[in-house]
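Here is the structure we will look at, set down as structure tokens.
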Amino acid sequence: MAARLFRNARLVTMADPASIAPVERAAILAVDGRIAYAGPEAGLPATASDAETIDLEGRLVTPGLIDCHTHLVHGGDRAHEFELRLAGASYEEIARAGGGIVSTVTATRSAGEDGLLASALPRLDHLIAEGVTTVEVKSGYGLDLDSERAQLRAARRLANERKVTVSTSFLGAHALPTEFRDDRAGYLALVRDNMLPAIAAEGLADCVDAFCEAIAFSPDEVDGLFSAARRLGFKVRLHADQLSNLGGAALAARHGALSADHLEHTDEAGAAAMAAAGTVAVLLPGAFYFIRETRLPPVDLFRKHGTRIAIATDCNPGTSPLTSPLLVMNMAATLFRLTVAECLAGMTIHAAAALGLAGETGSIETGKWCDLAVWDVERPAELVYRMGFNPLAARYWRGE
């Protein structure tokens with residue numbers, strides 16, 4: 001067995017999401033990439049004496065960060081549209097001129113799997129450089145079977161190129177492709193009856209996602225898609241209640257979704273339903289900031305009902321071209337008034353729950369993967385307080 005001992009650490013385990021007080025003079029023993037011990041050095045088992053030892057020199061250690069909602073794999077960018085919006089163009093005007101999601105679909109379809117992988121790696125590297133050890137990646141910019149496959153295959157290949165855990169989500173129900181502009185039922189049937197079984201047969205996705213909104217797909221349409229996905233054994237997640245309250249949070253809860261994401265317009269019934277179902281609320285402050293939203297997600301309702309809160313970059317070319325989890329934590333605190341503990345839990349243990357991975361990662365506990373972020377800071381609050389400053393000293397994925 002390969003054993004590695006990390007000693008002289010100040011340990012924030014996140015085993016209790018509300019507790020961020022460091023365990024002083026702590027140690028972590030990893031065996032074959034999993035944690036065999038985490039706690040005060042005085043309690044180390046005798047077997048630790050045979051392990052390779054790494055002195056962390058009193059640095060703060062947290063679980064590796066988890067970015068649980070990204071669209072990391074896509075073609076092209078939308079910087080020109082950003083300029084047009086700054087000059088006063090509306091989203092509708094840009095879309096009519098061939099911009100918006102249509103432009104990303106066009107670029108994604110033409111990029112090919114290798115091109116998608118090559119363009120995604122620099123974005124992934126930025127996440128890794130700020131302590132991310134697990135990342136979720138969605139499709140949804142191909143909108144035909146071959147292109148959705150290419151996105152998901154490229155996402156899977158990221159894990160071969162970097163030491164990182166990648167969770168994939170099939171987001172075929174993201175938007176209507178132009179060739180189905182006048183045939184919603186036909187496109188939904190294609191996603192449900194053709195794409196879903198093919199993606200399942202190839203094992204390309206861990207979850208199925210959808211965009212439930214007036215500009216995307218209705219609750220009834222999503223309900224039928226999710227029923228089909230669950231029959232195929234998929235877990236589900238949902239883009240919900242971002243621009244209006246269509247009851248997306250409650251719909252996600254009815255299907256036992258791992259998460260519902262965005263949630264600016266979620267009501268109390270939705271928050272309570274999510275808590276009862278164990279569905280995590282994933283808040284995305286980057287998109288809120290970038291599109292100049294004004295309605296805040298109902299954080300107090302989530303707290304009242306005990307709905308777990310995660311946060312993520314939502315890295316995508318149109319509404320959140322963001323690859324900094326540290327900035328996300330600052331945004332979540334300043335824009336949404338999350339506490340430091342909520343921000344850290346939102347990027348670790350609750351983010352793991354949003355991916356169905358809380359039994360494997362997200363906290364520093366015996367039996368879990370040894371995914372660690374080592375920081376040159378005195379207090380956990382510094383990870384949330386600073387902007388444009390990266391204090392990461394080291395990152396370990398499965399003990400390496």
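How things are named: the first chain in the structure tokens is A, the next is B, and so on; residues count from 1 in each chain; ligands count from 1 in the order shown.
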Could you name the residues that touch range 193-202 of chain A at 9 Å or less, counting only C-alpha atoms, but leaving out those on the same chain fewer than 6 positions away, as a ChimeraX atom specification?
/A:144-145,148-149,152,170,172,208,228-229,232-234
Save the residues we just selected, N, CA, C and O atoms, as a short mmCIF file (atom, residue, chain, number, x, y, z; two decimals), in the first residue's frame?
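The resulting result17.cif:
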data_model
loop_
_atom_site.label_atom_id
_atom_site.label_comp_id
_atom_site.auth_asym_id
_atom_site.auth_seq_id
_atom_site.Cartn_x
_atom_site.Cartn_y
_atom_site.Cartn_z
N ASP A 144 -27.40 18.11 -31.17
CA ASP A 144 -27.67 16.93 -31.99
C ASP A 144 -26.83 15.81 -31.40
O ASP A 144 -25.90 16.06 -30.62
N LEU A 145 -27.14 14.58 -31.73
CA LEU A 145 -26.51 13.46 -31.03
C LEU A 145 -25.00 13.46 -31.19
O LEU A 145 -24.26 13.31 -30.21
N GLU A 148 -23.43 16.39 -29.15
CA GLU A 148 -23.56 16.19 -27.71
C GLU A 148 -22.59 15.09 -27.25
O GLU A 148 -21.94 15.21 -26.21
N ARG A 149 -22.49 14.04 -28.06
CA ARG A 149 -21.50 12.99 -27.75
C ARG A 149 -20.09 13.57 -27.71
O ARG A 149 -19.30 13.25 -26.83
N LEU A 152 -19.47 15.45 -24.49
CA LEU A 152 -19.34 14.57 -23.32
C LEU A 152 -18.07 13.73 -23.39
O LEU A 152 -17.42 13.50 -22.36
N PHE A 170 -25.63 15.37 -19.17
CA PHE A 170 -26.20 15.51 -20.51
C PHE A 170 -27.30 16.57 -20.46
O PHE A 170 -28.31 16.41 -19.78
N GLY A 172 -29.10 17.94 -23.17
CA GLY A 172 -29.71 18.07 -24.49
C GLY A 172 -30.88 19.03 -24.50
O GLY A 172 -31.13 19.71 -25.51
N VAL A 208 -28.60 13.70 -15.99
CA VAL A 208 -29.32 14.41 -17.04
C VAL A 208 -29.80 15.73 -16.47
O VAL A 208 -30.33 15.79 -15.36
N ALA A 228 -38.25 9.77 -18.34
CA ALA A 228 -37.53 8.87 -19.23
C ALA A 228 -36.09 8.67 -18.76
O ALA A 228 -35.56 7.55 -18.80
N ALA A 229 -35.46 9.74 -18.30
CA ALA A 229 -34.08 9.65 -17.83
C ALA A 229 -33.96 8.74 -16.62
O ALA A 229 -33.05 7.91 -16.52
N LEU A 232 -33.99 5.12 -17.31
CA LEU A 232 -32.71 4.64 -17.83
C LEU A 232 -31.63 4.61 -16.75
O LEU A 232 -30.48 4.25 -17.03
N GLY A 233 -31.99 4.99 -15.53
CA GLY A 233 -31.05 4.93 -14.42
C GLY A 233 -30.26 6.19 -14.17
O GLY A 233 -29.34 6.20 -13.34
N PHE A 234 -30.58 7.28 -14.88
CA PHE A 234 -29.87 8.53 -14.68
C PHE A 234 -30.34 9.25 -13.42
O PHE A 234 -31.54 9.24 -13.09
#
(message) Report as JSON, numbers by chain all protein, DNA and RNA residues lying within 9 Å of Val31 in chain A, evaluated on only C-alpha atoms, omitting residues in the same chain fewer than 6 positions from it.
(response) {"A": [1, 2, 3, 4, 5, 51, 370, 399]}
inquiry  = With DSSP run on the backbone, what are the alpha helix (DSSP H) residues within range 184-317 of chain A? I'd like them as a PyMOL selection string.
reply    = chain A and resi 184-190+196-202+219-231+248-254+268-277+285-290+299-305
Q) Pick the closest to Arg231 in chain A from A:His80, A:Arg192, A:Arg386, A:His71: which is it, counting only C-alpha atoms? A)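 The answer is A:Arg192, which sits nearest to Arg231 in chain A.
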List every residue of range 33-103 of chain A that has an atom at most 6 Å from any atom of range 307-313 of chain A, and for each one report the closest atom pair and its distance in Å to one decimal, counting only C-alpha atoms, with rows sorted by chain and then by increasing residue number, as a tab-separated table.
residue	atom	partner	partner_atom	distance
A:Asp67	CA	A:Ala312	CA	5.1
A:Cys68	CA	A:Ala312	CA	5.7
A:His69	CA	A:Ala312	CA	5.5
How would the residues just picked look written out with all heavy atoms as a PDB file, in the first residue's frame?
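Okay, this is what ended up in result-v6.pdb:
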ATOM      1  N   ASP A  67     -16.230  22.390  -8.203  1.00  0.00           N
ATOM      2  CA  ASP A  67     -17.048  23.266  -9.048  1.00  0.00           C
ATOM      3  C   ASP A  67     -18.160  22.406  -9.637  1.00  0.00           C
ATOM      4  O   ASP A  67     -17.946  21.648 -10.591  1.00  0.00           O
ATOM      5  CB  ASP A  67     -16.195  23.896 -10.140  1.00  0.00           C
ATOM      6  CG  ASP A  67     -16.869  25.092 -10.795  1.00  0.00           C
ATOM      7  OD1 ASP A  67     -18.060  25.327 -10.506  1.00  0.00           O
ATOM      8  OD2 ASP A  67     -16.217  25.790 -11.589  1.00  0.00           O
ATOM      9  N   CYS A  68     -19.340  22.513  -9.061  1.00  0.00           N
ATOM     10  CA  CYS A  68     -20.407  21.541  -9.336  1.00  0.00           C
ATOM     11  C   CYS A  68     -21.362  21.964 -10.453  1.00  0.00           C
ATOM     12  O   CYS A  68     -22.356  21.274 -10.699  1.00  0.00           O
ATOM     13  CB  CYS A  68     -21.185  21.243  -8.057  1.00  0.00           C
ATOM     14  SG  CYS A  68     -22.145  22.623  -7.391  1.00  0.00           S
ATOM     15  N   HIS A  69     -21.078  23.069 -11.158  1.00  0.00           N
ATOM     16  CA  HIS A  69     -21.939  23.474 -12.274  1.00  0.00           C
ATOM     17  C   HIS A  69     -21.087  24.265 -13.255  1.00  0.00           C
ATOM     18  O   HIS A  69     -20.769  25.432 -13.023  1.00  0.00           O
ATOM     19  CB  HIS A  69     -23.103  24.336 -11.770  1.00  0.00           C
ATOM     20  CG  HIS A  69     -24.055  24.783 -12.849  1.00  0.00           C
ATOM     21  ND1 HIS A  69     -25.431  24.627 -12.746  1.00  0.00           N
ATOM     22  CD2 HIS A  69     -23.861  25.407 -14.039  1.00  0.00           C
ATOM     23  CE1 HIS A  69     -26.008  25.134 -13.819  1.00  0.00           C
ATOM     24  NE2 HIS A  69     -25.070  25.610 -14.622  1.00  0.00           N
TER      25      HIS A  69
END
**Message:** What's around Leu29 in chain A at 7 Å? Count only C-alpha atoms, leave out sequence neighbours fewer than 5 positions away in its own chain, and write the answer as a VMD selection string.
**Reply:** chain A and resid 4 to 6 35 to 38 48
Original post:
With only C-alpha atoms as the basis for distance, which of A:Ala120, A:Ile20, A:Leu258, A:Met14 is at the shortest distance from Ala381 in chain A?
Top reply: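 When distances to Ala381 in chain A are compared using only C-alpha atoms, the smallest one comes from A:Ile20.
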*asked:* List the spatial neighbours of Ala216 in chain A as a ChimeraX atom specification - criterion: any atom at most 10 Å away, only C-alpha atoms, same-chain residues fewer than 4 positions off excluded.
replied: /A:173-176,210-212,221-222
Write to file, as a PDB file, in the first residue's frame, the residues of the selection just made, with N, CA and C atoms.
ATOM      1  N   ALA A 173     -31.616  19.107 -23.390  1.00  0.00           N
ATOM      2  CA  ALA A 173     -32.753  20.025 -23.284  1.00  0.00           C
ATOM      3  C   ALA A 173     -32.285  21.371 -22.731  1.00  0.00           C
ATOM      4  N   HIS A 174     -31.374  21.992 -23.473  1.00  0.00           N
ATOM      5  CA  HIS A 174     -30.825  23.303 -23.119  1.00  0.00           C
ATOM      6  C   HIS A 174     -31.523  24.394 -23.897  1.00  0.00           C
ATOM      7  N   ALA A 175     -31.748  24.148 -25.171  1.00  0.00           N
ATOM      8  CA  ALA A 175     -32.412  25.103 -26.061  1.00  0.00           C
ATOM      9  C   ALA A 175     -32.866  24.357 -27.301  1.00  0.00           C
ATOM     10  N   LEU A 176     -33.707  25.006 -28.091  1.00  0.00           N
ATOM     11  CA  LEU A 176     -34.106  24.422 -29.369  1.00  0.00           C
ATOM     12  C   LEU A 176     -33.061  24.750 -30.419  1.00  0.00           C
ATOM     13  N   ALA A 210     -31.594  19.791 -17.477  1.00  0.00           N
ATOM     14  CA  ALA A 210     -32.491  20.478 -18.403  1.00  0.00           C
ATOM     15  C   ALA A 210     -32.623  21.925 -17.959  1.00  0.00           C
ATOM     16  N   PHE A 211     -33.054  22.779 -18.877  1.00  0.00           N
ATOM     17  CA  PHE A 211     -33.275  24.198 -18.600  1.00  0.00           C
ATOM     18  C   PHE A 211     -34.778  24.429 -18.599  1.00  0.00           C
ATOM     19  N   CYS A 212     -35.339  24.636 -17.409  1.00  0.00           N
ATOM     20  CA  CYS A 212     -36.775  24.841 -17.266  1.00  0.00           C
ATOM     21  C   CYS A 212     -37.038  26.338 -17.142  1.00  0.00           C
ATOM     22  N   GLU A 221     -42.733  19.579 -20.140  1.00  0.00           N
ATOM     23  CA  GLU A 221     -41.752  18.990 -21.049  1.00  0.00           C
ATOM     24  C   GLU A 221     -40.586  18.375 -20.262  1.00  0.00           C
ATOM     25  N   VAL A 222     -40.132  19.094 -19.253  1.00  0.00           N
ATOM     26  CA  VAL A 222     -39.036  18.577 -18.427  1.00  0.00           C
ATOM     27  C   VAL A 222     -39.484  17.346 -17.650  1.00  0.00           C
TER      28      VAL A 222
END
Counting only C-alpha atoms, the option among A:Arg109, A:Arg379, A:Arg59, A:His239 closest to Ala26 in chain A
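Going through A:Arg109, A:Arg379, A:Arg59, A:His239 one by one, the smallest distance to Ala26 in chain A is for A:Arg59.
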One decimal place gives the CA of Gly248 in chain A-CA of Asp261 in chain A separation as 9.5 Å
